[in-house]
>>> print(open('target_37.cif').read())   # mmCIF, C-alpha atoms
data_data
loop_
_atom_site.group_PDB
_atom_site.id
_atom_site.type_symbol
_atom_site.label_atom_id
_atom_site.label_comp_id
_atom_site.auth_asym_id
_atom_site.auth_seq_id
_atom_site.Cartn_x
_atom_site.Cartn_y
_atom_site.Cartn_z
ATOM 1 C CA MET S 1 88.138 131.556 78.577
ATOM 2 C CA MET S 2 89.000 131.633 74.881
ATOM 3 C CA SER S 3 87.264 129.222 72.538
ATOM 4 C CA ALA S 4 89.207 126.863 70.291
ATOM 5 C CA ALA S 5 88.328 129.059 67.304
ATOM 6 C CA GLU S 6 89.660 132.149 69.091
ATOM 7 C CA LYS S 7 92.865 130.336 69.976
ATOM 8 C CA GLU S 8 93.265 129.314 66.357
ATOM 9 C CA LYS S 9 92.900 132.938 65.320
ATOM 10 C CA ARG S 10 95.669 133.790 67.780
ATOM 11 C CA LEU S 11 97.806 130.976 66.366
ATOM 12 C CA ARG S 12 97.349 132.230 62.817
ATOM 13 C CA SER S 13 98.437 135.681 63.939
ATOM 14 C CA LEU S 14 101.578 134.246 65.523
ATOM 15 C CA LEU S 15 102.415 132.321 62.358
ATOM 16 C CA LYS S 16 101.951 135.400 60.167
ATOM 17 C CA GLU S 17 104.712 137.129 62.094
ATOM 18 C CA LYS S 18 107.276 134.695 60.664
ATOM 19 C CA GLU S 19 108.827 135.341 57.272
ATOM 20 C CA LYS S 20 109.885 131.729 56.873
ATOM 21 C CA LEU S 21 109.270 128.693 59.014
ATOM 22 C CA ALA S 22 110.467 125.099 59.291
ATOM 23 C CA VAL S 23 108.140 122.631 61.002
ATOM 24 C CA ALA S 24 109.185 119.369 62.651
ATOM 25 C CA PHE S 25 106.575 117.124 61.072
ATOM 26 C CA SER S 26 105.621 113.659 62.337
ATOM 27 C CA SER S 27 102.241 113.421 60.511
ATOM 28 C CA GLY S 28 100.517 113.205 63.892
ATOM 29 C CA VAL S 29 97.468 115.219 64.948
ATOM 30 C CA ASP S 30 99.352 118.223 66.319
ATOM 31 C CA SER S 31 102.086 118.700 63.724
ATOM 32 C CA THR S 32 99.656 118.142 60.840
ATOM 33 C CA TYR S 33 97.353 120.862 62.174
ATOM 34 C CA LEU S 34 100.303 123.199 62.718
ATOM 35 C CA LEU S 35 101.736 122.571 59.267
ATOM 36 C CA LYS S 36 98.339 123.084 57.612
ATOM 37 C CA LEU S 37 97.896 126.481 59.244
ATOM 38 C CA ALA S 38 101.487 127.479 58.474
ATOM 39 C CA ARG S 39 100.850 126.614 54.810
ATOM 40 C CA GLU S 40 97.707 128.744 54.764
ATOM 41 C CA GLU S 41 99.351 131.731 56.462
ATOM 42 C CA LEU S 42 102.843 131.670 54.935
ATOM 43 C CA GLY S 43 102.263 130.044 51.580
ATOM 44 C CA GLY S 44 105.430 128.602 50.123
ATOM 45 C CA ASP S 45 107.723 130.025 52.794
ATOM 46 C CA ILE S 46 107.542 126.902 54.912
ATOM 47 C CA LEU S 47 109.541 123.706 55.052
ATOM 48 C CA ALA S 48 108.530 120.392 56.614
ATOM 49 C CA LEU S 49 111.225 118.257 58.234
ATOM 50 C CA THR S 50 110.621 114.639 59.137
ATOM 51 C CA ALA S 51 112.839 111.840 60.411
ATOM 52 C CA ARG S 52 113.144 108.333 59.034
ATOM 53 C CA SER S 53 114.321 106.194 61.907
ATOM 54 C CA ALA S 54 113.879 102.748 63.402
ATOM 55 C CA ALA S 55 112.136 104.440 66.339
ATOM 56 C CA PHE S 56 109.305 105.842 64.212
ATOM 57 C CA PRO S 57 106.684 103.653 62.511
ATOM 58 C CA LYS S 58 107.174 103.473 58.743
ATOM 59 C CA GLN S 59 103.491 104.304 58.312
ATOM 60 C CA GLU S 60 104.183 107.735 59.817
ATOM 61 C CA TRP S 61 106.872 108.554 57.243
ATOM 62 C CA GLU S 62 104.606 107.515 54.403
ATOM 63 C CA GLU S 63 101.715 109.609 55.713
ATOM 64 C CA ALA S 64 104.014 112.626 56.116
ATOM 65 C CA GLU S 65 105.132 112.329 52.496
ATOM 66 C CA ALA S 66 101.560 111.926 51.257
ATOM 67 C CA PHE S 67 100.270 114.968 53.184
ATOM 68 C CA CYS S 68 103.052 117.257 51.970
ATOM 69 C CA ARG S 69 102.572 116.082 48.401
ATOM 70 C CA GLU S 70 98.835 116.822 48.566
ATOM 71 C CA GLU S 71 99.349 120.237 50.180
ATOM 72 C CA GLY S 72 102.246 121.288 47.936
ATOM 73 C CA ILE S 73 104.623 121.598 50.882
ATOM 74 C CA ARG S 74 108.338 121.025 50.472
ATOM 75 C CA LEU S 75 109.473 118.136 52.661
ATOM 76 C CA ILE S 76 113.006 117.143 53.571
ATOM 77 C CA PRO S 77 113.268 113.689 55.171
ATOM 78 C CA LEU S 78 116.316 113.012 57.318
ATOM 79 C CA ASP S 79 117.653 109.495 57.713
ATOM 80 C CA PHE S 80 118.339 109.638 61.428
ATOM 81 C CA ASP S 81 120.288 106.887 63.192
ATOM 82 C CA ILE S 82 118.910 107.399 66.677
ATOM 83 C CA LEU S 83 120.456 104.134 67.864
ATOM 84 C CA SER S 84 123.873 105.754 67.453
ATOM 85 C CA VAL S 85 122.971 107.920 70.480
ATOM 86 C CA SER S 86 124.150 105.817 73.417
ATOM 87 C CA ALA S 87 121.852 107.502 75.954
ATOM 88 C CA PHE S 88 118.881 106.580 73.761
ATOM 89 C CA ARG S 89 119.949 102.919 73.489
ATOM 90 C CA GLU S 90 120.520 102.684 77.234
ATOM 91 C CA ASN S 91 116.949 103.907 77.750
ATOM 92 C CA GLY S 92 117.276 105.838 80.984
ATOM 93 C CA LYS S 93 114.557 108.135 82.249
ATOM 94 C CA ASP S 94 116.050 111.051 80.253
ATOM 95 C CA ARG S 95 116.074 109.073 76.990
ATOM 96 C CA CYS S 96 113.657 111.482 75.293
ATOM 97 C CA TYR S 97 115.853 114.451 76.182
ATOM 98 C CA PHE S 98 118.843 113.020 74.337
ATOM 99 C CA CYS S 99 116.709 111.910 71.403
ATOM 100 C CA LYS S 100 115.076 115.323 70.981
ATOM 101 C CA LYS S 101 118.429 117.096 71.435
ATOM 102 C CA ALA S 102 120.027 115.067 68.644
ATOM 103 C CA LEU S 103 117.041 115.032 66.285
ATOM 104 C CA PHE S 104 116.010 118.665 66.630
ATOM 105 C CA GLY S 105 119.662 119.685 66.470
ATOM 106 C CA ALA S 106 119.832 117.995 63.060
ATOM 107 C CA PHE S 107 116.575 119.701 62.039
ATOM 108 C CA LEU S 108 117.969 123.101 63.050
ATOM 109 C CA GLU S 109 121.096 122.539 60.958
ATOM 110 C CA THR S 110 118.991 121.557 57.947
ATOM 111 C CA ALA S 111 116.703 124.572 58.347
ATOM 112 C CA ALA S 112 119.713 126.898 58.636
ATOM 113 C CA ARG S 113 121.168 125.535 55.392
ATOM 114 C CA GLU S 114 117.829 126.361 53.779
ATOM 115 C CA GLY S 115 117.971 129.919 55.090
ATOM 116 C CA ILE S 116 115.309 129.419 57.750
ATOM 117 C CA GLY S 117 115.999 130.610 61.275
ATOM 118 C CA THR S 118 112.903 129.355 63.103
ATOM 119 C CA LEU S 119 111.979 125.718 63.729
ATOM 120 C CA ALA S 120 108.526 124.989 65.155
ATOM 121 C CA GLU S 121 107.312 121.817 66.845
ATOM 122 C CA GLY S 122 103.830 120.590 67.715
ATOM 123 C CA SER S 123 103.586 120.150 71.475
ATOM 124 C CA ASN S 124 100.377 121.397 73.107
ATOM 125 C CA THR S 125 99.272 122.315 76.620
ATOM 126 C CA ASP S 126 98.539 118.661 77.473
ATOM 127 C CA ASP S 127 102.278 118.003 77.208
ATOM 128 C CA GLU S 128 102.890 120.258 80.193
ATOM 129 C CA GLY S 129 101.240 117.866 82.655
ATOM 130 C CA ASP S 130 103.315 114.682 82.269
ATOM 131 C CA TYR S 131 106.977 113.765 82.583
ATOM 132 C CA ARG S 132 108.357 115.147 79.298
ATOM 133 C CA PRO S 133 112.183 115.378 79.347
ATOM 134 C CA GLY S 134 112.117 116.059 75.619
ATOM 135 C CA MET S 135 110.578 119.451 76.310
ATOM 136 C CA ARG S 136 113.770 120.449 78.106
ATOM 137 C CA ALA S 137 115.700 119.876 74.883
ATOM 138 C CA VAL S 138 113.113 121.924 72.975
ATOM 139 C CA SER S 139 113.675 124.811 75.392
ATOM 140 C CA GLU S 140 117.463 124.562 75.349
ATOM 141 C CA LEU S 141 117.607 124.549 71.545
ATOM 142 C CA GLY S 142 115.259 127.509 71.209
ATOM 143 C CA ILE S 143 112.603 125.563 69.286
ATOM 144 C CA TRP S 144 109.299 127.415 68.916
ATOM 145 C CA SER S 145 106.136 125.789 70.284
ATOM 146 C CA PRO S 146 103.312 127.863 68.753
ATOM 147 C CA LEU S 147 100.466 125.554 69.813
ATOM 148 C CA ARG S 148 101.486 125.917 73.435
ATOM 149 C CA GLU S 149 101.963 129.663 73.013
ATOM 150 C CA ALA S 150 98.387 129.860 71.706
ATOM 151 C CA ARG S 151 97.355 127.674 74.719
ATOM 152 C CA MET S 152 95.766 124.969 72.590
ATOM 153 C CA SER S 153 94.991 121.567 74.093
ATOM 154 C CA LYS S 154 94.902 118.250 72.251
ATOM 155 C CA ALA S 155 91.092 118.239 72.314
ATOM 156 C CA GLU S 156 90.975 121.730 70.825
ATOM 157 C CA ILE S 157 93.450 120.786 68.111
ATOM 158 C CA ARG S 158 91.305 117.785 67.209
ATOM 159 C CA GLU S 159 88.197 120.009 67.142
ATOM 160 C CA ARG S 160 89.788 122.579 64.843
ATOM 161 C CA SER S 161 91.370 119.868 62.672
ATOM 162 C CA ARG S 162 87.924 118.437 62.094
ATOM 163 C CA THR S 163 86.598 121.870 61.145
ATOM 164 C CA LEU S 164 89.452 122.247 58.647
ATOM 165 C CA GLY S 165 88.644 118.861 57.143
ATOM 166 C CA LEU S 166 91.908 117.240 58.194
ATOM 167 C CA SER S 167 91.684 113.452 58.247
ATOM 168 C CA THR S 168 94.001 113.422 61.276
ATOM 169 C CA TRP S 169 91.378 114.968 63.543
ATOM 170 C CA ASP S 170 90.635 111.584 65.132
ATOM 171 C CA LYS S 171 93.947 109.883 64.348
ATOM 172 C CA PRO S 172 95.254 107.698 67.183
ATOM 173 C CA SER S 173 98.538 108.650 68.797
ATOM 174 C CA TYR S 174 101.471 106.514 67.651
ATOM 175 C CA ALA S 175 104.520 108.245 69.179
ATOM 176 C CA CYS S 176 108.111 107.052 69.256
ATOM 177 C CA LEU S 177 108.372 103.266 69.506
ATOM 178 C CA ALA S 178 110.959 103.562 72.281
ATOM 179 C CA LEU S 179 108.184 104.736 74.607
ATOM 180 C CA ARG S 180 106.966 101.133 74.700
ATOM 181 C CA PHE S 181 109.974 99.900 76.696
ATOM 182 C CA ALA S 182 110.436 99.861 80.446
ATOM 183 C CA TYR S 183 113.160 102.290 81.494
ATOM 184 C CA GLY S 184 116.545 100.621 81.708
ATOM 185 C CA GLU S 185 115.874 98.017 79.021
ATOM 186 C CA THR S 186 118.341 98.407 76.171
ATOM 187 C CA VAL S 187 116.664 99.513 72.942
ATOM 188 C CA THR S 188 117.735 97.787 69.729
ATOM 189 C CA GLU S 189 116.551 97.902 66.137
ATOM 190 C CA GLU S 190 115.287 94.322 66.453
ATOM 191 C CA LYS S 191 113.169 95.182 69.503
ATOM 192 C CA LEU S 192 111.742 98.291 67.856
ATOM 193 C CA SER S 193 110.819 96.287 64.769
ATOM 194 C CA ARG S 194 109.177 93.603 66.936
ATOM 195 C CA VAL S 195 106.965 96.184 68.662
ATOM 196 C CA GLU S 196 106.054 97.862 65.382
ATOM 197 C CA GLU S 197 104.981 94.518 63.890
ATOM 198 C CA ALA S 198 103.041 93.552 67.028
ATOM 199 C CA GLU S 199 101.083 96.809 67.010
ATOM 200 C CA ALA S 200 100.434 96.570 63.262
ATOM 201 C CA PHE S 201 99.000 93.087 63.860
ATOM 202 C CA LEU S 202 96.640 94.399 66.550
ATOM 203 C CA ARG S 203 95.498 97.251 64.332
ATOM 204 C CA GLY S 204 94.698 94.600 61.739
ATOM 205 C CA LEU S 205 92.283 93.121 64.296
ATOM 206 C CA GLY S 206 90.408 96.421 64.452
ATOM 207 C CA LEU S 207 92.169 98.211 67.305
ATOM 208 C CA ARG S 208 92.882 101.919 66.910
ATOM 209 C CA GLN S 209 94.395 103.385 70.080
ATOM 210 C CA LEU S 210 96.799 100.868 71.553
ATOM 211 C CA ARG S 211 100.283 100.217 72.859
ATOM 212 C CA VAL S 212 102.388 97.097 73.198
ATOM 213 C CA ARG S 213 104.468 97.815 76.297
ATOM 214 C CA VAL S 214 107.595 95.713 76.696
ATOM 215 C CA HIS S 215 108.933 94.429 80.020
ATOM 216 C CA GLY S 216 111.756 92.093 79.039
ATOM 217 C CA ASP S 217 110.180 88.961 77.543
ATOM 218 C CA LEU S 218 106.676 90.106 78.501
ATOM 219 C CA ALA S 219 104.385 92.093 76.183
ATOM 220 C CA ARG S 220 101.651 94.087 77.937
ATOM 221 C CA ILE S 221 98.849 95.123 75.601
ATOM 222 C CA GLU S 222 97.049 98.392 76.309
ATOM 223 C CA ALA S 223 93.873 98.863 74.264
ATOM 224 C CA GLU S 224 90.704 100.922 74.290
ATOM 225 C CA PRO S 225 88.656 99.762 77.326
ATOM 226 C CA GLU S 226 85.679 98.756 75.196
ATOM 227 C CA LYS S 227 87.917 96.385 73.210
ATOM 228 C CA ILE S 228 89.356 94.487 76.189
ATOM 229 C CA ALA S 229 86.560 91.912 76.427
ATOM 230 C CA ASP S 230 86.860 91.086 72.720
ATOM 231 C CA LEU S 231 90.632 90.646 72.973
ATOM 232 C CA ALA S 232 90.193 88.260 75.914
ATOM 233 C CA LYS S 233 87.903 85.912 74.000
ATOM 234 C CA PRO S 234 89.635 82.510 73.736
ATOM 235 C CA GLY S 235 89.931 82.479 69.951
ATOM 236 C CA THR S 236 91.263 86.022 69.677
ATOM 237 C CA ALA S 237 93.540 85.595 72.682
ATOM 238 C CA ALA S 238 95.067 82.466 71.138
ATOM 239 C CA LEU S 239 95.592 84.252 67.833
ATOM 240 C CA ILE S 240 97.399 87.133 69.526
ATOM 241 C CA THR S 241 99.465 84.834 71.724
ATOM 242 C CA ASP S 242 100.639 82.773 68.756
ATOM 243 C CA LYS S 243 101.646 85.887 66.834
ATOM 244 C CA PHE S 244 103.455 87.512 69.741
ATOM 245 C CA ARG S 245 105.345 84.328 70.594
ATOM 246 C CA ALA S 246 106.394 84.034 66.968
ATOM 247 C CA LEU S 247 107.800 87.566 67.310
ATOM 248 C CA GLY S 248 109.876 86.474 70.304
ATOM 249 C CA PHE S 249 107.780 87.344 73.354
ATOM 250 C CA LEU S 250 107.544 84.593 75.978
ATOM 251 C CA TYR S 251 104.579 86.076 77.834
ATOM 252 C CA VAL S 252 101.581 88.061 76.567
ATOM 253 C CA THR S 253 99.302 89.995 78.935
ATOM 254 C CA LEU S 254 96.290 92.286 78.557
ATOM 255 C CA ASP S 255 96.259 95.391 80.754
ATOM 256 C CA LEU S 256 92.796 95.631 82.322
ATOM 257 C CA ALA S 257 93.172 99.385 82.799
ATOM 258 C CA GLY S 258 93.305 99.882 79.047
ATOM 259 C CA TYR S 259 95.346 102.383 77.040
ATOM 260 C CA GLU S 260 97.043 105.111 79.053
ATOM 261 C CA SER S 261 99.383 107.690 77.576
ATOM 262 C CA GLY S 262 102.675 107.787 79.464
ATOM 263 C CA SER S 263 101.923 104.695 81.526
ATOM 264 C CA MET S 264 105.625 103.788 81.624
ATOM 265 C CA ASN S 265 106.190 106.935 83.716
ATOM 266 C CA ARG S 266 103.990 105.649 86.526
ATOM 267 C CA GLY S 267 106.882 104.321 88.592
ATOM 268 C CA LEU S 268 109.108 107.392 88.281
ATOM 269 C CA ASN S 269 109.850 109.443 91.373
#
>>> encode(input="target_37.cif", output="structure tokens")
Amino acid sequence: MMSAAEKEKRLRSLLKEKEKLAVAFSSGVDSTYLLKLAREELGGDILALTARSAAFPKQEWEEAEAFCREEGIRLIPLDFDILSVSAFRENGKDRCYFCKKALFGAFLETAAREGIGTLAEGSNTDDEGDYRPGMRAVSELGIWSPLREARMSKAEIRERSRTLGLSTWDKPSYACLALRFAYGETVTEEKLSRVEEAEAFLRGLGLRQLRVRVHGDLARIEAEPEKIADLAKPGTAALITDKFRALGFLYVTLDLAGYESGSMNRGLN
């Protein structure tokens, strides 16, 4: 078994083989780590590509811009109208496939115009164990997944990020806002904005890893297990209920199982 440090050494070697590289950058744990190493190994021959879209929290765009500015990395933001993709709006079980196909297709075109033939993305080995239709689009488009090639897990990426002094080492996962909706529920800009504001409100109460899952008029809050009792206290519960109803939710529930990545996939066959 290779250690995380040994896997990182392997990753650096893989990156060095590229003359130029574009990185799909979300400012999350994985893509930040990947971009940092690419900067160290390739110098100025890298390009960061990020999307500004209603489906991605504004905070993520701002953090992407700040990181690239601090690291001296060229960043090209794309204003991406994901809601123009009908299969995304309709929110079927392959929603992420169509989103990734459209978004990464746009990234590839941008990279090609900049004279860069390789686009890398930040999935890791943990992404191989859940329902991930977006990975099919990554494969079809020929996107490079160096973290998976180096066999790095999320925990190992966090460990090495901490060693490198990256502030993202313990950053909670935000992910695309569309992942909050039950399959089959039409996704709109208004609904995405409502979820983003609801989650921002909960973070203001001290929550870090959370989701507001949407089932029609019902909001189901997933939080860190140790925070559930605090959220259920009458005063806090009333505060949350008032806020969520003001946002348009009729019902507000607290999931006793706590936060679970990919919980909306539980009912898929």
>>> resolve_selection(input="target_37.cif", expression="the PyMOL selection byres ((chain S and resi 73-77) around 12)", output="short mmCIF file (atom, residue, chain, number, x, y, z; two decimals) with C-alpha atoms, keeping the file's coordinate frame")
data_model
loop_
_atom_site.label_atom_id
_atom_site.label_comp_id
_atom_site.auth_asym_id
_atom_site.auth_seq_id
_atom_site.Cartn_x
_atom_site.Cartn_y
_atom_site.Cartn_z
CA LEU S 21 109.27 128.69 59.01
CA ALA S 22 110.47 125.10 59.29
CA VAL S 23 108.14 122.63 61.00
CA ALA S 24 109.18 119.37 62.65
CA PHE S 25 106.58 117.12 61.07
CA SER S 26 105.62 113.66 62.34
CA SER S 27 102.24 113.42 60.51
CA THR S 32 99.66 118.14 60.84
CA LEU S 35 101.74 122.57 59.27
CA LYS S 36 98.34 123.08 57.61
CA LEU S 37 97.90 126.48 59.24
CA ALA S 38 101.49 127.48 58.47
CA ARG S 39 100.85 126.61 54.81
CA GLU S 40 97.71 128.74 54.76
CA LEU S 42 102.84 131.67 54.94
CA GLY S 43 102.26 130.04 51.58
CA GLY S 44 105.43 128.60 50.12
CA ASP S 45 107.72 130.02 52.79
CA ILE S 46 107.54 126.90 54.91
CA LEU S 47 109.54 123.71 55.05
CA ALA S 48 108.53 120.39 56.61
CA LEU S 49 111.22 118.26 58.23
CA THR S 50 110.62 114.64 59.14
CA ALA S 51 112.84 111.84 60.41
CA ARG S 52 113.14 108.33 59.03
CA SER S 53 114.32 106.19 61.91
CA GLU S 60 104.18 107.74 59.82
CA TRP S 61 106.87 108.55 57.24
CA GLU S 62 104.61 107.52 54.40
CA GLU S 63 101.72 109.61 55.71
CA ALA S 64 104.01 112.63 56.12
CA GLU S 65 105.13 112.33 52.50
CA ALA S 66 101.56 111.93 51.26
CA PHE S 67 100.27 114.97 53.18
CA CYS S 68 103.05 117.26 51.97
CA ARG S 69 102.57 116.08 48.40
CA GLU S 70 98.84 116.82 48.57
CA GLU S 71 99.35 120.24 50.18
CA GLY S 72 102.25 121.29 47.94
CA LEU S 78 116.32 113.01 57.32
CA ASP S 79 117.65 109.50 57.71
CA PHE S 80 118.34 109.64 61.43
CA LEU S 103 117.04 115.03 66.28
CA ALA S 106 119.83 118.00 63.06
CA PHE S 107 116.58 119.70 62.04
CA THR S 110 118.99 121.56 57.95
CA ALA S 111 116.70 124.57 58.35
CA ARG S 113 121.17 125.54 55.39
CA GLU S 114 117.83 126.36 53.78
#
>>> closest_residue(input="target_37.cif", among="S:Glu128, S:Lys243, S:Ala232, S:Phe201", to="Leu256 in chain S", atoms="all atoms listed in the file")
S:Ala232
>>> residues_around(input="target_37.cif", residues="Asp170 in chain S", least_positions_apart="5", cutoff="8 Å", atoms="all atoms listed in the file", output="VMD selection string")
chain S and resid 29 158 162
>>> resolve_selection(input="target_37.cif", expression="the PyMOL selection byres ((chain S and resi 208) around 10)", output="ChimeraX atom specification")
/S:171-174,199-200,202-207,209-211,223-224,227
>>> closest_residue(input="target_37.cif", among="S:Val212, S:Leu218, S:Leu231, S:Leu119", to="Phe249 in chain S", atoms="only C-alpha atoms")
S:Leu218
>>> residues_around(input="target_37.cif", residues="range 178-181 of chain S", least_positions_apart="2", cutoff="12 Å", atoms="all atoms listed in the file", output="PyMOL selection string")
chain S and resi 53-57+82-83+88-96+99+132+173-176+183-196+198-199+210-222+259-265
>>> build_atoms(input="target_37.cif", residues="range 50-63 of chain S", atoms="N, CA and C atoms", output="compact mmCIF listing (two decimals), keeping the file's coordinate frame")
# COMPACT_ATOMS: atom_id res chain seq x y z
N THR S 50 111.04 115.87 58.47
CA THR S 50 110.62 114.64 59.14
C THR S 50 111.80 113.69 59.24
N ALA S 51 111.74 112.77 60.18
CA ALA S 51 112.84 111.84 60.41
C ALA S 51 112.44 110.43 60.01
N ARG S 52 113.32 109.76 59.31
CA ARG S 52 113.14 108.33 59.03
C ARG S 52 114.11 107.60 59.95
N SER S 53 113.53 106.83 60.86
CA SER S 53 114.32 106.19 61.91
C SER S 53 113.65 104.91 62.35
N ALA S 54 114.43 104.00 62.89
CA ALA S 54 113.88 102.75 63.40
C ALA S 54 112.91 102.98 64.55
N ALA S 55 112.99 104.15 65.18
CA ALA S 55 112.14 104.44 66.34
C ALA S 55 110.77 104.98 65.95
N PHE S 56 110.57 105.27 64.66
CA PHE S 56 109.30 105.84 64.21
C PHE S 56 108.65 104.89 63.23
N PRO S 57 107.37 104.58 63.42
CA PRO S 57 106.68 103.65 62.51
C PRO S 57 106.78 104.10 61.06
N LYS S 58 107.06 103.16 60.16
CA LYS S 58 107.17 103.47 58.74
C LYS S 58 105.92 104.14 58.21
N GLN S 59 104.76 103.72 58.73
CA GLN S 59 103.49 104.30 58.31
C GLN S 59 103.48 105.82 58.49
N GLU S 60 104.14 106.30 59.55
CA GLU S 60 104.18 107.74 59.82
C GLU S 60 104.97 108.48 58.74
N TRP S 61 106.09 107.90 58.30
CA TRP S 61 106.87 108.55 57.24
C TRP S 61 106.05 108.65 55.98
N GLU S 62 105.38 107.56 55.64
CA GLU S 62 104.61 107.52 54.40
C GLU S 62 103.46 108.52 54.43
N GLU S 63 102.81 108.65 55.60
CA GLU S 63 101.72 109.61 55.71
C GLU S 63 102.23 111.04 55.66
